[in-house]
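Coordinates as given in input-v7.cif (mmCIF, N, CA and C atoms; chains and numbers go by the auth columns):
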data_query
#
loop_
_atom_site.group_PDB
_atom_site.id
_atom_site.type_symbol
_atom_site.label_atom_id
_atom_site.label_comp_id
_atom_site.label_asym_id
_atom_site.label_seq_id
_atom_site.Cartn_x
_atom_site.Cartn_y
_atom_site.Cartn_z
_atom_site.B_iso_or_equiv
_atom_site.auth_seq_id
_atom_site.auth_asym_id
ATOM 1 N N MET A 1 -73.420 -88.605 -42.416 0.00 1 B
ATOM 2 C CA MET A 1 -73.024 -88.550 -43.805 0.00 1 B
ATOM 3 C C MET A 1 -73.002 -87.101 -44.262 0.00 1 B
ATOM 4 N N GLU A 2 -71.902 -86.686 -44.881 0.00 2 B
ATOM 5 C CA GLU A 2 -71.751 -85.322 -45.357 0.00 2 B
ATOM 6 C C GLU A 2 -72.622 -85.092 -46.586 0.00 2 B
ATOM 7 N N ASN A 3 -73.231 -83.923 -46.650 0.00 3 B
ATOM 8 C CA ASN A 3 -74.068 -83.573 -47.782 0.00 3 B
ATOM 9 C C ASN A 3 -73.256 -82.721 -48.745 0.00 3 B
ATOM 10 N N ASP A 4 -73.078 -83.208 -49.973 0.00 4 B
ATOM 11 C CA ASP A 4 -72.267 -82.511 -50.961 0.00 4 B
ATOM 12 C C ASP A 4 -73.084 -81.710 -51.964 0.00 4 B
ATOM 13 N N ASP A 5 -74.362 -81.443 -51.651 0.00 5 B
ATOM 14 C CA ASP A 5 -75.167 -80.628 -52.552 0.00 5 B
ATOM 15 C C ASP A 5 -74.638 -79.198 -52.537 0.00 5 B
ATOM 16 N N PRO A 6 -74.307 -78.636 -53.710 0.00 6 B
ATOM 17 C CA PRO A 6 -73.791 -77.266 -53.744 0.00 6 B
ATOM 18 C C PRO A 6 -74.864 -76.255 -53.340 0.00 6 B
ATOM 19 N N VAL A 7 -74.420 -75.194 -52.667 0.00 7 B
ATOM 20 C CA VAL A 7 -75.288 -74.080 -52.291 0.00 7 B
ATOM 21 C C VAL A 7 -74.531 -72.782 -52.561 0.00 7 B
ATOM 22 N N SER A 8 -75.277 -71.698 -52.628 0.00 8 B
ATOM 23 C CA SER A 8 -74.634 -70.401 -52.786 0.00 8 B
ATOM 24 C C SER A 8 -74.083 -69.957 -51.436 0.00 8 B
ATOM 25 N N TYR A 9 -73.293 -68.913 -51.459 0.00 9 B
ATOM 26 C CA TYR A 9 -72.767 -68.379 -50.202 0.00 9 B
ATOM 27 C C TYR A 9 -73.901 -67.896 -49.294 0.00 9 B
ATOM 28 N N GLU A 10 -75.047 -67.588 -49.863 0.00 10 B
ATOM 29 C CA GLU A 10 -76.187 -67.123 -49.077 0.00 10 B
ATOM 30 C C GLU A 10 -76.873 -68.265 -48.323 0.00 10 B
ATOM 31 N N GLY A 11 -76.629 -69.512 -48.737 0.00 11 B
ATOM 32 C CA GLY A 11 -77.321 -70.645 -48.138 0.00 11 B
ATOM 33 C C GLY A 11 -76.484 -71.489 -47.212 0.00 11 B
ATOM 34 N N VAL A 12 -75.227 -71.153 -47.033 0.00 12 B
ATOM 35 C CA VAL A 12 -74.362 -71.957 -46.171 0.00 12 B
ATOM 36 C C VAL A 12 -74.588 -71.575 -44.708 0.00 12 B
ATOM 37 N N SER A 13 -74.505 -72.568 -43.821 0.00 13 B
ATOM 38 C CA SER A 13 -74.781 -72.352 -42.400 0.00 13 B
ATOM 39 C C SER A 13 -73.494 -72.179 -41.594 0.00 13 B
ATOM 40 N N PRO A 14 -73.493 -71.251 -40.646 0.00 14 B
ATOM 41 C CA PRO A 14 -72.350 -71.143 -39.736 0.00 14 B
ATOM 42 C C PRO A 14 -72.096 -72.480 -39.047 0.00 14 B
ATOM 43 N N GLY A 15 -70.819 -72.760 -38.823 0.00 15 B
ATOM 44 C CA GLY A 15 -70.439 -73.989 -38.133 0.00 15 B
ATOM 45 C C GLY A 15 -70.031 -75.123 -39.053 0.00 15 B
ATOM 46 N N VAL A 16 -70.299 -75.004 -40.376 0.00 16 B
ATOM 47 C CA VAL A 16 -69.892 -76.095 -41.265 0.00 16 B
ATOM 48 C C VAL A 16 -68.368 -76.147 -41.323 0.00 16 B
ATOM 49 N N PRO A 17 -67.798 -77.336 -41.517 0.00 17 B
ATOM 50 C CA PRO A 17 -66.346 -77.464 -41.599 0.00 17 B
ATOM 51 C C PRO A 17 -65.785 -76.709 -42.811 0.00 17 B
ATOM 52 N N VAL A 18 -64.623 -76.109 -42.605 0.00 18 B
ATOM 53 C CA VAL A 18 -63.885 -75.462 -43.693 0.00 18 B
ATOM 54 C C VAL A 18 -62.628 -76.281 -43.905 0.00 18 B
ATOM 55 N N GLN A 19 -62.397 -76.670 -45.159 0.00 19 B
ATOM 56 C CA GLN A 19 -61.329 -77.618 -45.479 0.00 19 B
ATOM 57 C C GLN A 19 -60.323 -77.044 -46.461 0.00 19 B
ATOM 58 N N THR A 20 -59.142 -77.650 -46.446 0.00 20 B
ATOM 59 C CA THR A 20 -58.122 -77.360 -47.444 0.00 20 B
ATOM 60 C C THR A 20 -58.497 -78.062 -48.745 0.00 20 B
ATOM 61 N N ARG A 21 -57.692 -77.852 -49.778 0.00 21 B
ATOM 62 C CA ARG A 21 -57.996 -78.478 -51.075 0.00 21 B
ATOM 63 C C ARG A 21 -57.970 -79.996 -51.019 0.00 21 B
ATOM 64 N N ASP A 22 -57.225 -80.575 -50.060 0.00 22 B
ATOM 65 C CA ASP A 22 -57.180 -82.039 -49.960 0.00 22 B
ATOM 66 C C ASP A 22 -58.186 -82.595 -48.943 0.00 22 B
ATOM 67 N N GLY A 23 -59.051 -81.719 -48.402 0.00 23 B
ATOM 68 C CA GLY A 23 -60.100 -82.181 -47.503 0.00 23 B
ATOM 69 C C GLY A 23 -59.778 -82.140 -46.023 0.00 23 B
ATOM 70 N N THR A 24 -58.619 -81.611 -45.639 0.00 24 B
ATOM 71 C CA THR A 24 -58.263 -81.496 -44.225 0.00 24 B
ATOM 72 C C THR A 24 -59.016 -80.319 -43.608 0.00 24 B
ATOM 73 N N GLN A 25 -59.748 -80.578 -42.539 0.00 25 B
ATOM 74 C CA GLN A 25 -60.481 -79.491 -41.880 0.00 25 B
ATOM 75 C C GLN A 25 -59.508 -78.631 -41.089 0.00 25 B
ATOM 76 N N PHE A 26 -59.580 -77.298 -41.303 0.00 26 B
ATOM 77 C CA PHE A 26 -58.736 -76.396 -40.522 0.00 26 B
ATOM 78 C C PHE A 26 -59.557 -75.401 -39.697 0.00 26 B
ATOM 79 N N GLY A 27 -60.864 -75.497 -39.792 0.00 27 B
ATOM 80 C CA GLY A 27 -61.716 -74.624 -38.995 0.00 27 B
ATOM 81 C C GLY A 27 -63.177 -74.841 -39.343 0.00 27 B
ATOM 82 N N SER A 28 -64.011 -73.917 -38.849 0.00 28 B
ATOM 83 C CA SER A 28 -65.439 -73.957 -39.163 0.00 28 B
ATOM 84 C C SER A 28 -65.896 -72.545 -39.526 0.00 28 B
ATOM 85 N N LEU A 29 -66.959 -72.478 -40.304 0.00 29 B
ATOM 86 C CA LEU A 29 -67.454 -71.191 -40.767 0.00 29 B
ATOM 87 C C LEU A 29 -68.002 -70.370 -39.616 0.00 29 B
ATOM 88 N N GLU A 30 -67.456 -69.185 -39.445 0.00 30 B
ATOM 89 C CA GLU A 30 -67.977 -68.221 -38.479 0.00 30 B
ATOM 90 C C GLU A 30 -69.086 -67.410 -39.145 0.00 30 B
ATOM 91 N N HIS A 31 -68.763 -66.780 -40.286 0.00 31 B
ATOM 92 C CA HIS A 31 -69.768 -66.064 -41.063 0.00 31 B
ATOM 93 C C HIS A 31 -69.249 -65.740 -42.458 0.00 31 B
ATOM 94 N N VAL A 32 -70.174 -65.387 -43.327 0.00 32 B
ATOM 95 C CA VAL A 32 -69.875 -65.008 -44.702 0.00 32 B
ATOM 96 C C VAL A 32 -69.755 -63.496 -44.767 0.00 32 B
ATOM 97 N N LEU A 33 -68.787 -63.012 -45.547 0.00 33 B
ATOM 98 C CA LEU A 33 -68.672 -61.578 -45.793 0.00 33 B
ATOM 99 C C LEU A 33 -69.232 -61.296 -47.178 0.00 33 B
ATOM 100 N N GLU A 34 -70.197 -60.390 -47.224 0.00 34 B
ATOM 101 C CA GLU A 34 -70.848 -60.068 -48.485 0.00 34 B
ATOM 102 C C GLU A 34 -71.262 -58.604 -48.502 0.00 34 B
ATOM 103 N N VAL A 35 -71.554 -58.116 -49.693 0.00 35 B
ATOM 104 C CA VAL A 35 -72.158 -56.800 -49.876 0.00 35 B
ATOM 105 C C VAL A 35 -73.543 -57.084 -50.458 0.00 35 B
ATOM 106 N N PRO A 36 -74.559 -57.211 -49.596 0.00 36 B
ATOM 107 C CA PRO A 36 -75.876 -57.642 -50.061 0.00 36 B
ATOM 108 C C PRO A 36 -76.489 -56.726 -51.117 0.00 36 B
ATOM 109 N N GLU A 37 -76.259 -55.421 -50.999 0.00 37 B
ATOM 110 C CA GLU A 37 -76.836 -54.486 -51.964 0.00 37 B
ATOM 111 C C GLU A 37 -76.336 -54.750 -53.382 0.00 37 B
ATOM 112 N N LEU A 38 -75.123 -55.267 -53.484 0.00 38 B
ATOM 113 C CA LEU A 38 -74.519 -55.523 -54.790 0.00 38 B
ATOM 114 C C LEU A 38 -74.473 -57.003 -55.140 0.00 38 B
ATOM 115 N N ASP A 39 -74.970 -57.852 -54.221 0.00 39 B
ATOM 116 C CA ASP A 39 -74.920 -59.295 -54.399 0.00 39 B
ATOM 117 C C ASP A 39 -73.487 -59.760 -54.673 0.00 39 B
ATOM 118 N N VAL A 40 -72.555 -59.282 -53.834 0.00 40 B
ATOM 119 C CA VAL A 40 -71.137 -59.593 -53.990 0.00 40 B
ATOM 120 C C VAL A 40 -70.659 -60.420 -52.798 0.00 40 B
ATOM 121 N N PHE A 41 -70.037 -61.544 -53.093 0.00 41 B
ATOM 122 C CA PHE A 41 -69.435 -62.433 -52.096 0.00 41 B
ATOM 123 C C PHE A 41 -67.979 -62.035 -51.939 0.00 41 B
ATOM 124 N N GLU A 42 -67.588 -61.605 -50.730 0.00 42 B
ATOM 125 C CA GLU A 42 -66.211 -61.163 -50.494 0.00 42 B
ATOM 126 C C GLU A 42 -65.324 -62.247 -49.899 0.00 42 B
ATOM 127 N N GLY A 43 -65.927 -63.215 -49.210 0.00 43 B
ATOM 128 C CA GLY A 43 -65.145 -64.281 -48.602 0.00 43 B
ATOM 129 C C GLY A 43 -65.823 -64.805 -47.358 0.00 43 B
ATOM 130 N N ILE A 44 -65.047 -65.543 -46.566 0.00 44 B
ATOM 131 C CA ILE A 44 -65.586 -66.133 -45.338 0.00 44 B
ATOM 132 C C ILE A 44 -64.654 -65.857 -44.167 0.00 44 B
ATOM 133 N N VAL A 45 -65.227 -65.839 -42.986 0.00 45 B
ATOM 134 C CA VAL A 45 -64.454 -65.771 -41.752 0.00 45 B
ATOM 135 C C VAL A 45 -64.534 -67.154 -41.125 0.00 45 B
ATOM 136 N N VAL A 46 -63.359 -67.696 -40.822 0.00 46 B
ATOM 137 C CA VAL A 46 -63.237 -69.065 -40.323 0.00 46 B
ATOM 138 C C VAL A 46 -62.763 -69.036 -38.879 0.00 46 B
ATOM 139 N N SER A 47 -63.435 -69.806 -38.043 0.00 47 B
ATOM 140 C CA SER A 47 -63.001 -69.987 -36.669 0.00 47 B
ATOM 141 C C SER A 47 -61.989 -71.130 -36.650 0.00 47 B
ATOM 142 N N THR A 48 -60.741 -70.821 -36.250 0.00 48 B
ATOM 143 C CA THR A 48 -59.675 -71.822 -36.188 0.00 48 B
ATOM 144 C C THR A 48 -59.142 -71.891 -34.760 0.00 48 B
ATOM 145 N N GLN A 49 -58.253 -72.826 -34.501 0.00 49 B
ATOM 146 C CA GLN A 49 -57.641 -72.918 -33.173 0.00 49 B
ATOM 147 C C GLN A 49 -56.821 -71.670 -32.857 0.00 49 B
ATOM 148 N N ALA A 50 -56.341 -70.975 -33.894 0.00 50 B
ATOM 149 C CA ALA A 50 -55.536 -69.769 -33.705 0.00 50 B
ATOM 150 C C ALA A 50 -56.391 -68.505 -33.672 0.00 50 B
ATOM 151 N N GLY A 51 -57.709 -68.636 -33.796 0.00 51 B
ATOM 152 C CA GLY A 51 -58.589 -67.475 -33.799 0.00 51 B
ATOM 153 C C GLY A 51 -59.310 -67.343 -35.139 0.00 51 B
ATOM 154 N N LEU A 52 -59.958 -66.205 -35.339 0.00 52 B
ATOM 155 C CA LEU A 52 -60.696 -65.968 -36.580 0.00 52 B
ATOM 156 C C LEU A 52 -59.738 -65.631 -37.719 0.00 52 B
ATOM 157 N N ARG A 53 -59.997 -66.221 -38.885 0.00 53 B
ATOM 158 C CA ARG A 53 -59.164 -65.998 -40.068 0.00 53 B
ATOM 159 C C ARG A 53 -60.053 -65.705 -41.269 0.00 53 B
ATOM 160 N N PHE A 54 -59.546 -64.881 -42.191 0.00 54 B
ATOM 161 C CA PHE A 54 -60.282 -64.497 -43.389 0.00 54 B
ATOM 162 C C PHE A 54 -59.802 -65.297 -44.592 0.00 54 B
ATOM 163 N N VAL A 55 -60.757 -65.823 -45.369 0.00 55 B
ATOM 164 C CA VAL A 55 -60.470 -66.497 -46.636 0.00 55 B
ATOM 165 C C VAL A 55 -61.192 -65.697 -47.719 0.00 55 B
ATOM 166 N N ALA A 56 -60.439 -65.142 -48.660 0.00 56 B
ATOM 167 C CA ALA A 56 -61.012 -64.342 -49.743 0.00 56 B
ATOM 168 C C ALA A 56 -61.850 -65.219 -50.674 0.00 56 B
ATOM 169 N N ALA A 57 -62.829 -64.612 -51.311 0.00 57 B
ATOM 170 C CA ALA A 57 -63.741 -65.332 -52.208 0.00 57 B
ATOM 171 C C ALA A 57 -63.000 -66.116 -53.276 0.00 57 B
ATOM 172 N N ASP A 58 -61.917 -65.573 -53.814 0.00 58 B
ATOM 173 C CA ASP A 58 -61.200 -66.277 -54.885 0.00 58 B
ATOM 174 C C ASP A 58 -60.407 -67.481 -54.380 0.00 58 B
ATOM 175 N N GLN A 59 -60.369 -67.677 -53.061 0.00 59 B
ATOM 176 C CA GLN A 59 -59.719 -68.848 -52.479 0.00 59 B
ATOM 177 C C GLN A 59 -60.729 -69.918 -52.063 0.00 59 B
ATOM 178 N N VAL A 60 -62.018 -69.635 -52.240 0.00 60 B
ATOM 179 C CA VAL A 60 -63.078 -70.585 -51.909 0.00 60 B
ATOM 180 C C VAL A 60 -63.411 -71.370 -53.173 0.00 60 B
ATOM 181 N N ALA A 61 -63.124 -72.666 -53.158 0.00 61 B
ATOM 182 C CA ALA A 61 -63.302 -73.500 -54.354 0.00 61 B
ATOM 183 C C ALA A 61 -64.715 -74.062 -54.467 0.00 61 B
ATOM 184 N N ALA A 62 -65.342 -74.430 -53.342 0.00 62 B
ATOM 185 C CA ALA A 62 -66.671 -75.047 -53.387 0.00 62 B
ATOM 186 C C ALA A 62 -67.387 -74.831 -52.063 0.00 62 B
ATOM 187 N N ILE A 63 -68.681 -74.559 -52.182 0.00 63 B
ATOM 188 C CA ILE A 63 -69.539 -74.438 -51.002 0.00 63 B
ATOM 189 C C ILE A 63 -70.662 -75.451 -51.161 0.00 63 B
ATOM 190 N N THR A 64 -70.765 -76.341 -50.188 0.00 64 B
ATOM 191 C CA THR A 64 -71.841 -77.330 -50.196 0.00 64 B
ATOM 192 C C THR A 64 -72.623 -77.200 -48.894 0.00 64 B
ATOM 193 N N VAL A 65 -73.701 -77.943 -48.789 0.00 65 B
ATOM 194 C CA VAL A 65 -74.507 -77.935 -47.573 0.00 65 B
ATOM 195 C C VAL A 65 -73.660 -78.375 -46.376 0.00 65 B
ATOM 196 N N GLY A 66 -72.751 -79.327 -46.593 0.00 66 B
ATOM 197 C CA GLY A 66 -72.001 -79.917 -45.483 0.00 66 B
ATOM 198 C C GLY A 66 -70.605 -79.397 -45.237 0.00 66 B
ATOM 199 N N SER A 67 -70.043 -78.588 -46.150 0.00 67 B
ATOM 200 C CA SER A 67 -68.674 -78.108 -45.948 0.00 67 B
ATOM 201 C C SER A 67 -68.328 -77.004 -46.946 0.00 67 B
ATOM 202 N N ILE A 68 -67.201 -76.372 -46.671 0.00 68 B
ATOM 203 C CA ILE A 68 -66.616 -75.411 -47.607 0.00 68 B
ATOM 204 C C ILE A 68 -65.209 -75.887 -47.891 0.00 68 B
ATOM 205 N N ARG A 69 -64.878 -75.994 -49.168 0.00 69 B
ATOM 206 C CA ARG A 69 -63.534 -76.404 -49.559 0.00 69 B
ATOM 207 C C ARG A 69 -62.814 -75.193 -50.145 0.00 69 B
ATOM 208 N N CYS A 70 -61.613 -74.936 -49.627 0.00 70 B
ATOM 209 C CA CYS A 70 -60.806 -73.807 -50.088 0.00 70 B
ATOM 210 C C CYS A 70 -59.697 -74.290 -51.015 0.00 70 B
ATOM 211 N N ASP A 71 -59.198 -73.394 -51.819 0.00 71 B
ATOM 212 C CA ASP A 71 -58.093 -73.693 -52.722 0.00 71 B
ATOM 213 C C ASP A 71 -56.773 -73.335 -52.025 0.00 71 B
ATOM 214 N N LEU A 72 -56.578 -73.945 -50.861 0.00 72 B
ATOM 215 C CA LEU A 72 -55.388 -73.715 -50.028 0.00 72 B
ATOM 216 C C LEU A 72 -54.869 -75.055 -49.545 0.00 72 B
ATOM 217 N N ASP A 73 -53.550 -75.152 -49.361 0.00 73 B
ATOM 218 C CA ASP A 73 -53.038 -76.329 -48.666 0.00 73 B
ATOM 219 C C ASP A 73 -52.994 -75.988 -47.174 0.00 73 B
ATOM 220 N N LEU A 74 -52.642 -76.939 -46.339 0.00 74 B
ATOM 221 C CA LEU A 74 -52.683 -76.722 -44.889 0.00 74 B
ATOM 222 C C LEU A 74 -51.734 -75.621 -44.463 0.00 74 B
ATOM 223 N N ALA A 75 -50.533 -75.567 -45.022 0.00 75 B
ATOM 224 C CA ALA A 75 -49.574 -74.517 -44.656 0.00 75 B
ATOM 225 C C ALA A 75 -50.117 -73.140 -44.994 0.00 75 B
ATOM 226 N N GLU A 76 -50.750 -72.997 -46.153 0.00 76 B
ATOM 227 C CA GLU A 76 -51.348 -71.712 -46.537 0.00 76 B
ATOM 228 C C GLU A 76 -52.488 -71.348 -45.588 0.00 76 B
ATOM 229 N N ALA A 77 -53.300 -72.330 -45.228 0.00 77 B
ATOM 230 C CA ALA A 77 -54.421 -72.087 -44.313 0.00 77 B
ATOM 231 C C ALA A 77 -53.911 -71.610 -42.948 0.00 77 B
ATOM 232 N N GLN A 78 -52.810 -72.176 -42.510 0.00 78 B
ATOM 233 C CA GLN A 78 -52.257 -71.782 -41.199 0.00 78 B
ATOM 234 C C GLN A 78 -51.633 -70.393 -41.219 0.00 78 B
ATOM 235 N N ARG A 79 -51.367 -69.856 -42.413 0.00 79 B
ATOM 236 C CA ARG A 79 -50.795 -68.505 -42.532 0.00 79 B
ATOM 237 C C ARG A 79 -51.846 -67.423 -42.846 0.00 79 B
ATOM 238 N N LEU A 80 -53.123 -67.784 -42.845 0.00 80 B
ATOM 239 C CA LEU A 80 -54.164 -66.795 -43.139 0.00 80 B
ATOM 240 C C LEU A 80 -54.133 -65.665 -42.120 0.00 80 B
ATOM 241 N N GLU A 81 -54.466 -64.474 -42.589 0.00 81 B
ATOM 242 C CA GLU A 81 -54.476 -63.287 -41.739 0.00 81 B
ATOM 243 C C GLU A 81 -55.710 -63.272 -40.824 0.00 81 B
ATOM 244 N N PRO A 82 -55.526 -62.734 -39.626 0.00 82 B
ATOM 245 C CA PRO A 82 -56.679 -62.569 -38.717 0.00 82 B
ATOM 246 C C PRO A 82 -57.684 -61.574 -39.300 0.00 82 B
#

Could you take the file, read its structure, and then write that structure out as structure tokens?
Amino acid sequence: MENDDPVSYEGVSPGVPVQTRDGTQFGSLEHVLEVPELDVFEGIVVSTQAGLRFVAADQVAAITVGSIRCDLDLAEAQRLEP
């Protein structure tokens, strides 16, 4: 059962599924990009079948214990930059 309890970017675990806005998984969390000194969340690096991809913080809609949901459709997710 997926856990939908929200967490901050500091509490999410590598390996959780990363999904499009409609819930389609397109990868898993590799790591979070942050500036710890400034407490700034820059985005996430996602492991996909095509390799590592970057999702900017403003494209991350929700972070929960069990998944990360992005504000992207599948076509947009497949066009993310390495």

Residues matched by the PyMOL selection byres (((chain B and resi 10 and name CA) around 10) and name CA) as a list in words: Val7, Ser8, Tyr9, Gly11, Val12, Ser13, Val32, Leu33, Glu34, Pro36, Asp39 and Phe41 of chain B

Hits of the PyMOL selection byres ((chain B and resi 60-74) around 8) in this structure, as an MDAnalysis selection string: chainID B and resid 1:9 11:13 15:24 26 29 43:44 55:59 75:79

Output of the PyMOL selection byres ((chain B and resi 53) around 6), listed as a PyMOL selection string: chain B and resi 44-48+51-52+54-55+80-82

DSSP alpha helix (DSSP H) selection over chain B, as a ChimeraX atom specification: /B:74-78

How big is the axis-aligned box around the listed atoms of stretch 75-80 of chain B once 5 Å is added on each side, and where is its centre? Give both in Å to one decimal, as lines of an AutoDock Vina configuration file.
center_x = -52.0
center_y = -70.6
center_z = -43.9
size_x = 14.8
size_y = 19.9
size_z = 15.3

Every residue of chain B that DSSP places in strand (DSSP E or B), as number ranges by chain: B: 6, 17-19, 25-35, 40-48, 51-56, 60-64, 68-70

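In this model, the gap between atom C of B:Leu38 and atom CA of B:Pro14 comes to 21.0 Å.
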
Atom pair atom C of B:Gly27 / atom N of B:Glu42: separation (Å): 18.0 Å

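What separates atom CA of B:Val35 from atom CA of B:Ala50 is a distance of 26.6 Å.
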